[in-house]
Structure formats: structure tokens, C-alpha cells
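Chemist: Below you'll find work_34.csv; it's CSV, C-alpha atoms (C1' of nucleotides).
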```csv
chain,number,residue,atom,x,y,z
A,10,MET,CA,65.3,38.9,32.3
A,11,ASN,CA,62.5,36.7,31.1
A,12,PHE,CA,59.5,38.4,29.6
A,13,ALA,CA,56.2,36.5,29.2
A,14,LYS,CA,55.3,38.9,26.5
A,15,LEU,CA,57.1,41.0,23.8
A,16,LEU,CA,56.0,44.1,22.0
A,17,PRO,CA,55.5,42.7,18.5
A,18,ALA,CA,58.2,44.1,16.2
A,19,ASP,CA,56.7,42.7,13.1
A,20,VAL,CA,53.3,44.4,13.6
A,21,LEU,CA,55.1,47.7,14.4
A,22,LEU,CA,57.3,47.4,11.3
A,23,ALA,CA,54.3,46.7,9.0
A,24,TRP,CA,52.7,49.9,10.4
A,25,TYR,CA,55.9,51.8,9.8
A,26,ASP,CA,56.2,50.7,6.2
A,27,ARG,CA,52.8,52.3,5.6
A,28,HIS,CA,52.9,55.3,7.9
A,29,GLN,CA,56.4,56.5,8.4
A,30,ARG,CA,57.0,60.2,8.4
A,31,ALA,CA,59.1,61.7,5.6
A,32,LEU,CA,61.9,63.6,7.3
A,33,PRO,CA,65.0,65.3,5.8
A,34,TRP,CA,67.5,63.1,7.6
A,35,ARG,CA,65.7,59.9,6.7
A,36,LEU,CA,66.1,57.8,3.6
A,37,THR,CA,63.1,57.7,1.4
A,38,PRO,CA,61.5,54.2,1.2
A,39,GLU,CA,62.5,54.2,-2.5
A,40,ALA,CA,66.2,55.0,-1.7
A,41,HIS,CA,66.1,52.3,1.0
A,42,ALA,CA,64.6,49.8,-1.4
A,43,ALA,CA,67.3,50.7,-3.9
A,44,GLY,CA,69.9,49.7,-1.4
A,45,ASP,CA,71.0,53.1,-0.2
A,46,ARG,CA,72.4,53.3,3.3
A,47,ALA,CA,71.8,56.0,5.8
A,48,ASP,CA,74.6,58.6,5.9
A,49,PRO,CA,76.1,58.3,9.5
A,50,TYR,CA,76.9,62.0,9.4
A,51,ARG,CA,73.3,63.0,8.8
A,52,VAL,CA,72.0,60.5,11.3
A,53,TRP,CA,74.4,61.9,13.9
A,54,LEU,CA,73.7,65.5,13.2
A,55,SER,CA,69.9,65.0,13.3
A,56,GLU,CA,70.1,63.0,16.5
A,57,ILE,CA,72.1,65.7,18.2
A,58,MET,CA,69.7,68.4,17.1
A,59,LEU,CA,66.7,66.3,18.1
A,60,GLN,CA,67.9,66.0,21.7
A,61,GLN,CA,65.0,67.5,23.7
A,62,THR,CA,64.0,69.4,20.6
A,63,THR,CA,61.0,69.1,18.4
A,64,VAL,CA,61.1,67.8,14.8
A,65,LYS,CA,59.5,71.1,13.7
A,66,ALA,CA,62.2,73.2,15.3
A,67,VAL,CA,65.0,71.0,14.0
A,68,LYS,CA,64.0,70.8,10.3
A,69,PRO,CA,65.2,74.2,9.1
A,70,TYR,CA,68.4,74.0,11.2
A,71,PHE,CA,69.2,70.6,9.8
A,72,GLU,CA,68.6,71.8,6.2
A,73,ARG,CA,70.8,74.8,6.8
A,74,PHE,CA,73.6,72.8,8.4
A,75,VAL,CA,73.8,70.1,5.7
A,76,THR,CA,73.8,72.8,3.0
A,77,LEU,CA,76.7,74.7,4.7
A,78,TRP,CA,78.5,71.6,5.9
A,79,PRO,CA,77.6,68.5,3.9
A,80,THR,CA,80.2,66.2,5.4
A,81,VAL,CA,81.8,65.7,8.8
A,82,GLU,CA,85.1,66.9,7.4
A,83,SER,CA,83.6,70.2,6.2
A,84,LEU,CA,82.0,70.7,9.6
A,85,ALA,CA,85.2,69.9,11.4
A,86,ALA,CA,87.0,72.5,9.2
A,87,ALA,CA,84.5,75.2,10.0
A,88,GLY,CA,85.3,77.8,12.6
A,89,GLU,CA,83.5,77.7,15.9
A,90,GLU,CA,81.8,81.0,15.4
A,91,PRO,CA,79.9,80.2,12.2
A,92,VAL,CA,78.6,77.0,13.8
A,93,LEU,CA,77.4,78.8,17.0
A,94,ARG,CA,75.8,81.4,14.8
A,95,GLU,CA,73.9,78.8,12.9
A,96,TRP,CA,72.9,77.0,16.1
A,97,ALA,CA,71.6,80.2,17.7
A,98,GLY,CA,67.9,79.8,18.7
A,99,LEU,CA,68.0,76.0,18.9
A,100,GLY,CA,68.9,76.0,22.6
A,101,TYR,CA,71.1,73.7,24.8
A,102,TYR,CA,74.2,75.3,23.4
A,103,SER,CA,76.6,72.8,24.8
A,104,ARG,CA,75.3,70.6,22.1
A,105,ALA,CA,76.8,73.0,19.5
A,106,ARG,CA,80.2,73.0,21.2
A,107,ASN,CA,80.2,69.2,21.5
A,108,LEU,CA,79.1,69.0,17.9
A,109,ILE,CA,82.2,70.7,16.8
A,110,ALA,CA,84.4,68.7,19.2
A,111,CYS,CA,82.9,65.5,17.9
A,112,ALA,CA,83.2,66.4,14.3
A,113,ARG,CA,86.9,67.3,14.7
A,114,ARG,CA,87.6,64.1,16.6
A,115,VAL,CA,85.9,62.0,13.8
A,116,ALA,CA,87.7,64.0,11.1
A,117,THR,CA,91.1,64.0,12.5
A,118,ASP,CA,91.5,60.9,14.8
A,119,LEU,CA,89.1,58.6,13.0
A,120,GLY,CA,89.8,59.3,9.3
A,121,GLY,CA,86.4,60.9,8.8
A,122,ARG,CA,84.5,57.8,9.7
A,123,PHE,CA,82.1,57.5,12.6
A,124,PRO,CA,82.7,54.5,14.9
A,125,GLN,CA,80.2,51.8,14.0
A,126,THR,CA,79.2,50.4,17.5
A,127,SER,CA,77.2,52.1,20.2
A,128,LEU,CA,79.9,51.4,22.7
A,129,GLU,CA,82.5,53.4,20.7
A,130,LEU,CA,80.0,56.1,19.7
A,131,GLN,CA,79.3,56.8,23.3
A,132,ASP,CA,82.9,57.9,23.9
A,133,LEU,CA,82.4,60.9,21.6
A,134,PRO,CA,81.4,64.3,23.0
A,135,GLY,CA,77.7,64.9,23.1
A,136,ILE,CA,76.8,61.3,22.4
A,137,GLY,CA,75.2,59.5,25.4
A,138,PRO,CA,73.4,56.2,25.7
A,139,TYR,CA,70.4,57.2,23.6
A,140,THR,CA,72.2,58.8,20.7
A,141,ALA,CA,74.9,56.1,20.6
A,142,ALA,CA,72.2,53.4,20.3
A,143,ALA,CA,70.2,55.4,17.7
A,144,ILE,CA,73.1,56.0,15.4
A,145,ALA,CA,74.3,52.4,15.8
A,146,ALA,CA,70.9,51.1,15.0
A,147,ILE,CA,69.9,53.5,12.2
A,148,ALA,CA,73.2,53.9,10.4
A,149,PHE,CA,75.0,50.6,11.2
A,150,ASN,CA,72.2,48.1,11.8
A,151,GLU,CA,73.3,47.3,15.3
A,152,ARG,CA,70.7,45.6,17.4
A,153,ALA,CA,70.9,48.3,20.0
A,154,ALA,CA,68.3,49.2,22.6
A,155,VAL,CA,67.2,52.7,21.6
A,156,VAL,CA,65.3,54.4,24.5
A,157,ASP,CA,64.1,58.0,24.2
A,158,GLY,CA,61.1,59.8,25.7
A,159,ASN,CA,58.7,58.5,23.1
A,160,ILE,CA,59.8,54.9,23.5
A,161,GLU,CA,59.6,55.2,27.3
A,162,ARG,CA,56.0,56.3,26.9
A,163,VAL,CA,55.1,53.6,24.4
A,164,PHE,CA,56.6,50.8,26.5
A,165,SER,CA,55.3,52.1,29.8
A,166,ARG,CA,51.8,52.0,28.4
A,167,TYR,CA,52.1,48.8,26.5
A,168,PHE,CA,53.2,47.0,29.7
A,169,ALA,CA,51.5,49.4,32.2
A,170,ILE,CA,54.7,49.9,34.0
A,171,SER,CA,53.7,51.6,37.3
A,172,ALA,CA,57.1,52.4,38.6
A,173,PRO,CA,57.8,56.1,38.1
A,174,LEU,CA,60.4,57.5,35.8
A,175,PRO,CA,63.3,57.8,36.0
A,176,GLN,CA,63.5,54.7,38.2
A,177,ALA,CA,61.7,52.6,35.6
A,178,LYS,CA,64.3,53.3,33.0
A,179,ALA,CA,66.3,50.1,33.5
A,180,ASP,CA,63.1,48.0,33.4
A,181,ILE,CA,62.0,49.7,30.2
A,182,ARG,CA,65.4,49.3,28.6
A,183,GLU,CA,65.2,45.5,29.2
A,184,HIS,CA,61.8,45.4,27.5
A,185,VAL,CA,63.1,47.4,24.5
A,186,LEU,CA,66.1,45.2,24.1
A,187,ALA,CA,64.0,42.1,24.3
A,188,ALA,CA,61.7,43.4,21.6
A,189,THR,CA,64.3,44.8,19.2
A,190,PRO,CA,64.7,42.7,16.1
A,191,SER,CA,68.0,41.7,14.6
A,192,LEU,CA,66.8,42.4,11.1
A,193,ARG,CA,65.7,46.1,11.1
A,194,PRO,CA,66.7,47.5,14.4
A,195,GLY,CA,67.0,51.1,13.1
A,196,ASP,CA,63.5,51.0,11.5
A,197,PHE,CA,62.2,49.5,14.7
A,198,ALA,CA,63.5,52.4,16.8
A,199,GLN,CA,62.2,54.9,14.3
A,200,ALA,CA,58.9,53.2,14.1
A,201,LEU,CA,58.5,53.5,17.9
A,202,MET,CA,59.4,57.1,17.8
A,203,ASP,CA,56.9,57.8,15.0
A,204,LEU,CA,54.3,56.0,16.9
A,205,GLY,CA,55.0,58.0,20.0
A,206,ALA,CA,55.0,61.2,18.1
A,207,THR,CA,51.9,60.7,16.0
A,208,LEU,CA,49.6,58.1,17.8
A,209,CYS,CA,50.8,57.3,21.3
A,210,THR,CA,51.1,61.0,22.3
A,211,PRO,CA,51.3,62.3,25.8
A,212,ARG,CA,47.9,63.9,26.1
A,213,SER,CA,45.3,62.2,23.9
A,214,PRO,CA,46.6,59.1,22.3
A,215,ALA,CA,44.8,57.8,19.2
A,216,CYS,CA,44.5,54.2,20.5
A,217,ALA,CA,41.9,53.3,17.9
A,218,LEU,CA,44.5,53.8,15.1
A,219,CYS,CA,47.3,52.1,17.0
A,220,PRO,CA,48.8,48.9,15.5
A,221,LEU,CA,49.7,47.8,19.1
A,222,GLU,CA,46.3,48.3,20.6
A,223,GLU,CA,45.5,44.7,20.9
A,224,GLY,CA,48.4,43.9,23.3
A,225,CYS,CA,48.5,47.2,25.1
A,226,VAL,CA,47.9,46.7,28.8
A,227,ALA,CA,47.2,50.4,29.5
A,228,ARG,CA,44.7,50.5,26.7
A,229,ARG,CA,42.9,47.5,28.1
A,230,GLY,CA,42.9,49.1,31.5
A,231,GLY,CA,41.2,52.1,30.0
A,232,ASN,CA,43.7,54.8,31.1
A,233,PRO,CA,46.7,55.0,28.8
A,234,THR,CA,47.5,58.6,29.8
A,235,ALA,CA,48.2,57.4,33.3
A,236,PHE,CA,51.5,56.2,31.9
A,237,PRO,CA,54.3,56.9,32.2
A,238,VAL,CA,54.2,57.7,35.9
A,239,LYS,CA,56.5,60.6,36.6
A,240,ALA,CA,57.8,62.2,39.8
A,241,PRO,CA,56.2,65.5,40.5
A,242,ARG,CA,58.2,68.4,39.1
A,243,LYS,CA,59.6,71.2,41.2
A,244,VAL,CA,58.6,74.8,41.1
A,245,LYS,CA,60.7,77.1,39.1
A,246,PRO,CA,62.5,79.9,41.0
A,247,VAL,CA,62.4,83.4,39.7
A,248,ARG,CA,65.6,85.2,39.0
A,249,ARG,CA,66.1,88.8,38.2
A,250,GLY,CA,68.7,90.8,36.4
A,251,ALA,CA,69.4,93.8,34.1
A,252,ALA,CA,70.5,93.9,30.5
A,253,PHE,CA,72.2,96.8,28.8
A,254,ILE,CA,71.6,97.8,25.2
A,255,ALA,CA,74.3,100.2,24.3
A,256,GLU,CA,73.6,101.9,21.0
A,257,ARG,CA,76.4,103.7,19.4
A,258,ALA,CA,75.5,107.2,18.1
A,259,GLY,CA,75.8,107.6,14.4
A,260,ASP,CA,75.5,104.0,13.1
A,261,GLY,CA,73.3,102.5,15.8
A,262,ALA,CA,75.6,99.6,16.4
A,263,VAL,CA,75.0,97.6,19.5
A,264,LEU,CA,77.6,96.5,22.1
A,265,LEU,CA,77.9,92.7,22.3
A,266,VAL,CA,80.0,90.5,24.5
A,267,LYS,CA,80.9,86.8,24.3
A,268,ARG,CA,79.6,84.8,27.2
A,269,PRO,CA,81.8,82.5,29.2
A,270,VAL,CA,82.1,79.0,27.6
A,271,LYS,CA,80.8,77.3,30.7
A,272,GLY,CA,77.3,77.7,32.1
A,273,LEU,CA,74.1,79.1,30.7
A,274,LEU,CA,74.2,80.1,27.1
A,275,GLY,CA,77.9,79.2,27.2
A,276,GLY,CA,80.0,80.5,24.4
A,277,MET,CA,77.2,82.4,22.8
A,278,SER,CA,77.0,86.2,22.2
A,279,GLY,CA,74.9,88.5,24.2
A,280,VAL,CA,74.5,92.0,25.5
A,281,PRO,CA,76.2,92.9,28.8
A,282,THR,CA,74.0,91.9,31.8
A,283,THR,CA,74.2,91.7,35.5
A,284,HIS,CA,74.3,88.4,37.1
A,285,TRP,CA,70.9,86.7,37.3
A,286,THR,CA,70.1,86.3,40.9
A,287,ALA,CA,67.2,85.5,43.2
A,288,ARG,CA,67.1,89.1,44.5
A,289,GLN,CA,63.6,90.5,44.7
A,290,ASP,CA,64.3,94.1,45.6
A,291,GLY,CA,63.7,97.0,43.2
A,292,GLU,CA,67.4,97.7,42.7
A,293,THR,CA,67.9,98.7,39.1
A,294,GLY,CA,71.4,97.5,38.5
A,295,ILE,CA,72.3,100.5,36.5
A,296,SER,CA,75.5,100.8,38.4
A,297,ALA,CA,76.6,97.6,36.6
A,298,ALA,CA,76.3,99.3,33.2
A,299,PRO,CA,79.2,98.6,30.9
A,300,LEU,CA,79.7,102.2,29.9
A,301,ALA,CA,78.9,105.7,31.1
A,302,GLY,CA,75.7,107.0,29.5
A,303,GLU,CA,72.2,108.1,30.1
A,304,TRP,CA,70.6,104.8,30.7
A,305,GLN,CA,66.9,104.7,30.3
A,306,ARG,CA,64.6,101.9,31.3
A,307,ALA,CA,63.3,100.2,28.1
A,308,GLY,CA,61.0,97.7,29.8
A,309,THR,CA,61.2,94.3,31.4
A,310,ILE,CA,61.2,91.0,29.5
A,311,GLY,CA,60.3,87.6,30.8
A,312,HIS,CA,61.9,84.4,29.7
A,313,VAL,CA,61.4,80.8,30.9
A,314,PHE,CA,64.4,78.5,31.1
A,315,THR,CA,64.2,74.9,32.0
A,316,HIS,CA,65.1,75.4,35.6
A,317,PHE,CA,64.2,79.0,36.4
A,318,GLU,CA,62.2,81.9,35.2
A,319,LEU,CA,64.0,85.1,34.3
A,320,ARG,CA,62.7,88.7,34.6
A,321,LEU,CA,65.2,91.0,32.9
A,322,ASP,CA,65.1,94.8,33.2
A,323,VAL,CA,66.3,96.2,30.0
A,324,PHE,CA,68.2,99.5,29.9
A,325,HIS,CA,69.0,101.5,26.8
A,326,ALA,CA,71.5,104.3,26.2
A,327,VAL,CA,72.8,106.1,23.1
A,328,ILE,CA,76.6,106.1,23.6
A,329,CYS,CA,78.4,109.0,21.9
A,330,SER,CA,81.0,107.7,19.4
A,331,GLN,CA,83.7,109.3,21.5
A,332,THR,CA,82.9,107.2,24.5
A,333,ALA,CA,82.3,104.2,22.4
A,334,ALA,CA,85.7,104.5,20.8
A,335,SER,CA,87.7,105.3,23.9
A,336,ALA,CA,86.1,103.0,26.5
A,337,THR,CA,87.9,99.8,27.3
A,338,LEU,CA,85.7,97.0,26.1
A,339,ASP,CA,85.9,93.3,26.0
A,340,GLY,CA,83.2,93.2,23.4
A,341,TRP,CA,82.4,94.5,19.9
A,342,TRP,CA,80.0,96.8,18.2
A,343,SER,CA,77.6,95.1,15.9
A,344,ALA,CA,75.9,97.2,13.2
A,345,PRO,CA,72.2,96.8,12.8
A,346,ARG,CA,72.4,94.8,9.5
A,347,HIS,CA,74.8,92.3,11.2
A,348,LEU,CA,72.8,91.9,14.3
A,349,PRO,CA,70.6,89.1,12.9
A,350,GLU,CA,73.6,87.1,12.0
A,351,GLU,CA,75.2,87.2,15.4
A,352,ALA,CA,75.2,84.1,17.7
A,353,LEU,CA,72.5,85.5,19.8
A,354,PRO,CA,70.3,83.2,21.9
A,355,SER,CA,66.5,83.9,21.9
A,356,VAL,CA,66.6,85.6,25.3
A,357,MET,CA,69.2,88.1,24.0
A,358,LYS,CA,67.2,88.9,20.9
A,359,LYS,CA,64.2,89.4,23.1
A,360,ALA,CA,66.2,91.8,25.3
A,361,ILE,CA,67.5,93.8,22.4
A,362,SER,CA,64.1,94.0,20.8
A,363,ALA,CA,62.7,95.6,24.0
A,364,ALA,CA,65.0,98.6,23.4
A,365,LEU,CA,65.2,98.4,19.6
A,366,PRO,CA,61.9,97.0,18.2
A,367,GLN,CA,63.2,96.9,14.7
A,368,ALA,CA,66.4,95.0,15.4
A,369,PHE,CA,65.1,91.6,14.4
A,370,ALA,CA,61.9,92.7,12.6
A,371,PRO,CA,61.2,90.3,9.7
A,372,ALA,CA,62.5,91.6,6.3
A,373,PRO,CA,59.8,93.9,4.8
A,374,GLN,CA,57.8,92.1,2.1
A,375,ARG,CA,57.9,93.4,-1.4
A,376,GLY,CA,54.7,95.2,-2.5
A,377,ASN,CA,52.3,97.1,-0.4
A,378,LEU,CA,51.5,96.4,3.2
A,379,ALA,CA,47.7,96.4,3.1
B,4,DG,C1',71.1,60.6,41.4
B,5,DA,C1',69.7,65.0,40.9
B,6,DG,C1',70.4,69.5,39.0
B,7,DA,C1',72.1,72.4,35.0
B,8,DC,C1',71.1,73.2,30.6
B,9,DG,C1',66.9,76.6,25.9
B,10,DT,C1',63.2,77.2,23.2
B,11,DG,C1',58.8,77.3,21.0
B,12,DG,C1',54.5,75.0,20.3
B,13,DC,C1',50.4,73.0,22.0
B,14,DT,C1',46.4,72.3,25.1
C,23,DT,C1',46.6,80.5,30.2
C,24,DA,C1',50.1,78.3,32.5
C,25,DG,C1',52.0,74.3,32.4
C,26,DC,C1',53.6,70.6,30.0
C,27,DC,C1',56.5,68.7,26.7
C,28,DA,C1',60.2,67.3,22.8
C,29,DA,C1',64.7,61.8,19.3
C,30,DG,C1',69.2,63.7,26.3
C,31,DT,C1',73.9,64.7,28.0
C,32,DC,C1',77.1,66.1,31.4
C,33,DT,C1',78.6,66.7,36.0
```
Rewrite the structure from the file as C-alpha cells, please.
Modeler:
Amino acid sequence: MNFAKLLPADVLLAWYDRHQRALPWRLTPEAHAAGDRADPYRVWLSEIMLQQTTVKAVKPYFERFVTLWPTVESLAAAGEEPVLREWAGLGYYSRARNLIACARRVATDLGGRFPQTSLELQDLPGIGPYTAAAIAAIAFNERAAVVDGNIERVFSRYFAISAPLPQAKADIREHVLAATPSLRPGDFAQALMDLGATLCTPRSPACALCPLEEGCVARRGGNPTAFPVKAPRKVKPVRRGAAFIAERAGDGAVLLVKRPVKGLLGGMSGVPTTHWTARQDGETGISAAPLAGEWQRAGTIGHVFTHFELRLDVFHAVICSQTAASATLDGWWSAPRHLPEEALPSVMKKAISAALPQAFAPAPQRGNLA
DNA sequence: GAGACGTGGCT
DNA sequence: TAGCCAAGTCT
């Protein structure tokens, strides 16, 4: 493809040298100047965590992971459970399972070294076109076309691309490849992402501060927020279900089960629930309770997933230790002080909290509460 | 290609 | 507030 115009990498890189964000997975400018190279493990880990996830949400998780598992070998040697527990709350849990699979493949099959090309990286579990290009560019200096949501937005505005996403992806990718410099491809990608995150934002872009303002076609046209054009999104269906908080008499332990590896919240822990279906009737679902007991309604929680909205009726029962001990269970009883450490997705914590408000209450502060 | 797949923050 | 949105991947 032949482009009459390129997005100017030199201008963007000059801006990046002044305004880049300091991020835990990023080399400091001083370290970079001293000749340090980015650690492929940290680049990979951060890129997996950042898939569809905000920088703010990722930061504490990233810090915790690199503290617990500073190398790909240490992560590969970790059990699945501790990794899922640490991932709990970050969402998109298949990422955590792929993370483990990828670490083990790198540690065992590849001698602990990540492949250095985007082509090979993309063969690893959890690494798609974006992540492969990002790792190759940032860690291995490959002139790879890195295209994420930020970069799609920046380019669709800069060139006023009127075709809607995702159809425009191929066109955008060509523009990105053409503009990517051989010298600092990783910095170029990160500069675009910083620009998209801080100036060329979805809602109210700060065009007056943008280093690319001069050549930006959308800016010239006066309506940068008209780009990127996207297909209208579909309405979220509502599903309903019931969740059962079984509390063991005596110690207050809660019955947990491990969810099937495939599907929603796959491989994570949770309380027993009915299936989540589209049924709208007032049926309680108590008949699906995992144990005999005096089940009481503890409320209804709402939770919004990417593709549906859930309304979950929460039931609570105190189970006498006799029943708790004798019943056939495929789960386990988790004592109150262990509950916060379980691999519980947010929706499960929300359900448990509806019945047991103190379950995940923040640790009491020292000193007096006003 | 389109749908499944989480969560929390921001406007 | 109710959407909209975030450094996507897998099937």
C-alpha cells in the first residue's frame, strides 16, 4: 500500500521523551539511557494483564505478581491455585490459565527464554496479534505493527478513517506498519498508547496539547470524537439465577466449589449457584440448594458482565455441623479468615457479602473510628 | 466474523 | 445515571 502521508514518528517520539508515563513494567529513562533492556518476562506479564484492562487496575496486580514470581521459571513452577487466587478480581480468567500454560511452555520447552519474534510469540497461549507485536517491539526491538484500541483511535482520527471498526482494522494496521520506525519501534508503540491514554482520549481529546495536531485530519475537520466509527452495540440480555451461601454452624465457614474450567469464571472458586438463565419468572431456585437447610432469602445482587446482565437471588442458611460433615460435597468449607484469600471472582464476593456483610470488610484500622 | 469472556472507573 | 470504555484472545 502506498500512503501519501505518514504519521510522523519523530515528532511522536520527541513528545514521548518528555511526557512518557512512569509505569512499573517500564524501564525508567535513566535505565534505558544506561543501556538496560526491558525484561521480556515483565513485558509479557504486563501485556497479558493489560488486555482489556485499565492501567490503574493492573498496577497492584503486576506488583504482587513480580514480587511473588520474579521470573518466568518461578511462575512456571507455581501451582495453578495460587496464581488463580492472585488473579481473582482482574477478570477474563482464561488469561490466568493461559498465563500459566505459557510460562510452563517457555520454562520447559524454550529453556526459560521467550521467543524473540512476533511470529513465534503468537504461537504461545494467550498471545494474539497485538500482544505478540507489543512484546516483540518493546522487548526485542522488532519493527512490528502494534495495534491496540488506543492506536486504532489515534490513527482513525489522524487519517479520518470513516470505515467502521472492526472492518477498518486492516487499513489501520497498514498505516501503523508504514509509520513504525526501525530505530525505536517499542517506544513508538508505547508513545502511541500514552498519547491515546492521556491526550487522544475517547471522550474529550486534548487536541491543543497534542504533538500530532498539525497533521491530524479529524482535528482539522473539527470533530475528532467522531472517530473511530464503530458498529452500534447490542443490548445486553438479563439472566437470573440463585446463589447459596451455606454457613457452617460453629465456625462460620462457607461452602465453596470449584467452577468448571471452561466457560464463564472458568477454573475459579465460587459458591454453589443455579444455572444463569433467561428465565423471568419468580421461581426461587431453592430446590437447587446444595444442602438441606433452612434457606432464607438474603437479597438480590446485580452484576454486569460484558455480554449479559445478571440478577442473582442470594440465599443463606446455617448448616448444622452434623449435616455439613455428613453431606456428600464436591466442595470445601472455607473459614472466615481464609475467605479473602480464595480465588473468588468479584461477583462471588458480592454474593457472599449479601448474606455475610463482614466477609470481605476491609481490615479494621488501628485507633478509633471517629 | 461474531460471540464469549470480567471488572471497575469515569462521564 | 446508565452507558461507555480499557494495552484482546479464542473459538
Chemist: Using only C-alpha atoms (C1' of nucleotides), determine which residues of chain B fall within 7 Å of chain A; present them as a list in words.
Modeler: DC8, DG9 and DT10 of chain B
Chemist: Let's have the selection written as a CSV table (one decimal), in the coordinates of the input, with C-alpha atoms (C1' of nucleotides).
Modeler:
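Written output follows (result_28.csv):
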```csv
chain,number,residue,atom,x,y,z
B,8,DC,C1',71.1,73.2,30.6
B,9,DG,C1',66.9,76.6,25.9
B,10,DT,C1',63.2,77.2,23.2
```
Chemist: Near chain C, meaning an atom within 9 Å, which residues of chain A appear when counting all atoms listed in the file? Write them as JSON, numbers by chain.
Modeler: {"A": [55, 56, 57, 58, 59, 60, 61, 62, 63, 64, 104, 135, 136, 137, 138, 139, 140, 143, 157, 158, 159, 199, 202, 211]}
Chemist: Please provide the set of residues having any atom within 8 Å of Leu16 of chain A, restricted to all atoms listed in the file, with same-chain residues fewer than 2 positions apart removed, written as a ChimeraX atom specification.
Modeler: /A:14,18,167,188,221,224
Chemist: Find the spatial neighbours of Asp203 of chain A, counting only C-alpha atoms (C1' of nucleotides), within a cut-off of 12 Å - ignore same-chain residues fewer than 3 positions away - and output them as a list in words.
Modeler: Leu21, Leu22, Trp24, Tyr25, Asp26, Arg27, His28, Gln29, Arg30, Ala31, Leu32, Val64, Asp157, Gly158, Asn159, Ile160, Val163, Asp196, Phe197, Ala198, Gln199, Ala200, Ala206, Thr207, Leu208, Cys209, Thr210 and Cys219 of chain A; DA29 of chain C
Chemist: Work out how far atom CA of Ala217 of chain A is from atom CA of Val67 of chain A, in Å to one decimal.
Modeler: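 If I compute the distance from atom CA of Val67 of chain A to atom CA of Ala217 of chain A, I get 29.4 Å.
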Chemist: Work out how far apart atom CA of Ser343 of chain A and atom CA of Leu319 of chain A are and give it in Å to one decimal.
Modeler: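 Taking atom CA of Ser343 of chain A and atom CA of Leu319 of chain A, their separation equals 25.0 Å.
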Chemist: Counting all atoms listed in the file, which of A:Ala142, A:Leu338, A:Leu119, A:Val92 gets nearest to Arg106 of chain A?
Modeler: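 Of the candidates, the smallest distance to Arg106 of chain A is held by A:Val92.
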Chemist: Kindly give the distance, in Å, that separates atom CA of Thr126 of chain A and atom CA of Leu54 of chain A, rounded to a single decimal.
Modeler: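 Separating atom CA of Thr126 of chain A from atom CA of Leu54 of chain A is a distance of 16.6 Å.
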Chemist: I want to know what sits within 10 Å of Ala297 of chain A, based on only C-alpha atoms (C1' of nucleotides), with residues of the same chain fewer than 5 positions away left out; could you give that as a list of chain:residue names?
Modeler: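 My reading of the contact set: A:Ala251, A:Ala252, A:Phe253, A:Pro281, A:Thr282, A:Thr283, A:His284.
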Chemist: Can you pull out every residue within 9 Å of Leu15 of chain A, counting all atoms listed in the file, but drop anything in the same chain fewer than 5 positions away, and send it as a list of chain:residue names?
Modeler: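 Counting all atoms listed in the file, the residues come to A:His184, A:Val185, A:Ala187, A:Ala188.
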Chemist: Output segment 48-60 of chain A with N, CA, C and O atoms present, as a short mmCIF file (atom, residue, chain, number, x, y, z; two decimals), in the coordinates of the input.
Modeler:
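The resulting file, rebuild-v3.cif, is shown below:
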```cif
data_model
loop_
_atom_site.label_atom_id
_atom_site.label_comp_id
_atom_site.auth_asym_id
_atom_site.auth_seq_id
_atom_site.Cartn_x
_atom_site.Cartn_y
_atom_site.Cartn_z
N ASP A 48 73.31 57.92 5.75
CA ASP A 48 74.60 58.60 5.90
C ASP A 48 74.81 58.82 7.43
O ASP A 48 74.06 59.57 8.05
N PRO A 49 75.86 58.19 8.01
CA PRO A 49 76.10 58.30 9.50
C PRO A 49 76.21 59.78 9.90
O PRO A 49 75.76 60.14 11.00
N TYR A 50 76.77 60.63 9.06
CA TYR A 50 76.90 62.00 9.40
C TYR A 50 75.55 62.70 9.58
O TYR A 50 75.31 63.42 10.56
N ARG A 51 74.66 62.45 8.66
CA ARG A 51 73.30 63.00 8.80
C ARG A 51 72.53 62.45 9.92
O ARG A 51 71.76 63.15 10.57
N VAL A 52 72.70 61.17 10.13
CA VAL A 52 72.00 60.50 11.30
C VAL A 52 72.51 61.17 12.58
O VAL A 52 71.73 61.57 13.44
N TRP A 53 73.82 61.26 12.70
CA TRP A 53 74.40 61.90 13.90
C TRP A 53 73.94 63.29 14.10
O TRP A 53 73.45 63.65 15.18
N LEU A 54 74.06 64.12 13.05
CA LEU A 54 73.70 65.50 13.20
C LEU A 54 72.21 65.66 13.57
O LEU A 54 71.87 66.46 14.45
N SER A 55 71.35 64.88 12.95
CA SER A 55 69.90 65.00 13.30
C SER A 55 69.68 64.54 14.72
O SER A 55 68.91 65.17 15.45
N GLU A 56 70.35 63.49 15.15
CA GLU A 56 70.10 63.00 16.50
C GLU A 56 70.58 64.01 17.56
O GLU A 56 69.94 64.18 18.59
N ILE A 57 71.69 64.69 17.29
CA ILE A 57 72.10 65.70 18.20
C ILE A 57 71.12 66.85 18.29
O ILE A 57 70.71 67.30 19.36
N MET A 58 70.67 67.29 17.13
CA MET A 58 69.70 68.40 17.10
C MET A 58 68.39 68.02 17.74
O MET A 58 67.71 68.87 18.33
N LEU A 59 68.03 66.75 17.64
CA LEU A 59 66.70 66.30 18.10
C LEU A 59 66.70 66.07 19.64
O LEU A 59 65.63 65.81 20.20
N GLN A 60 67.86 66.16 20.29
CA GLN A 60 67.90 66.00 21.70
C GLN A 60 67.00 67.03 22.41
O GLN A 60 67.31 68.21 22.36
#
```
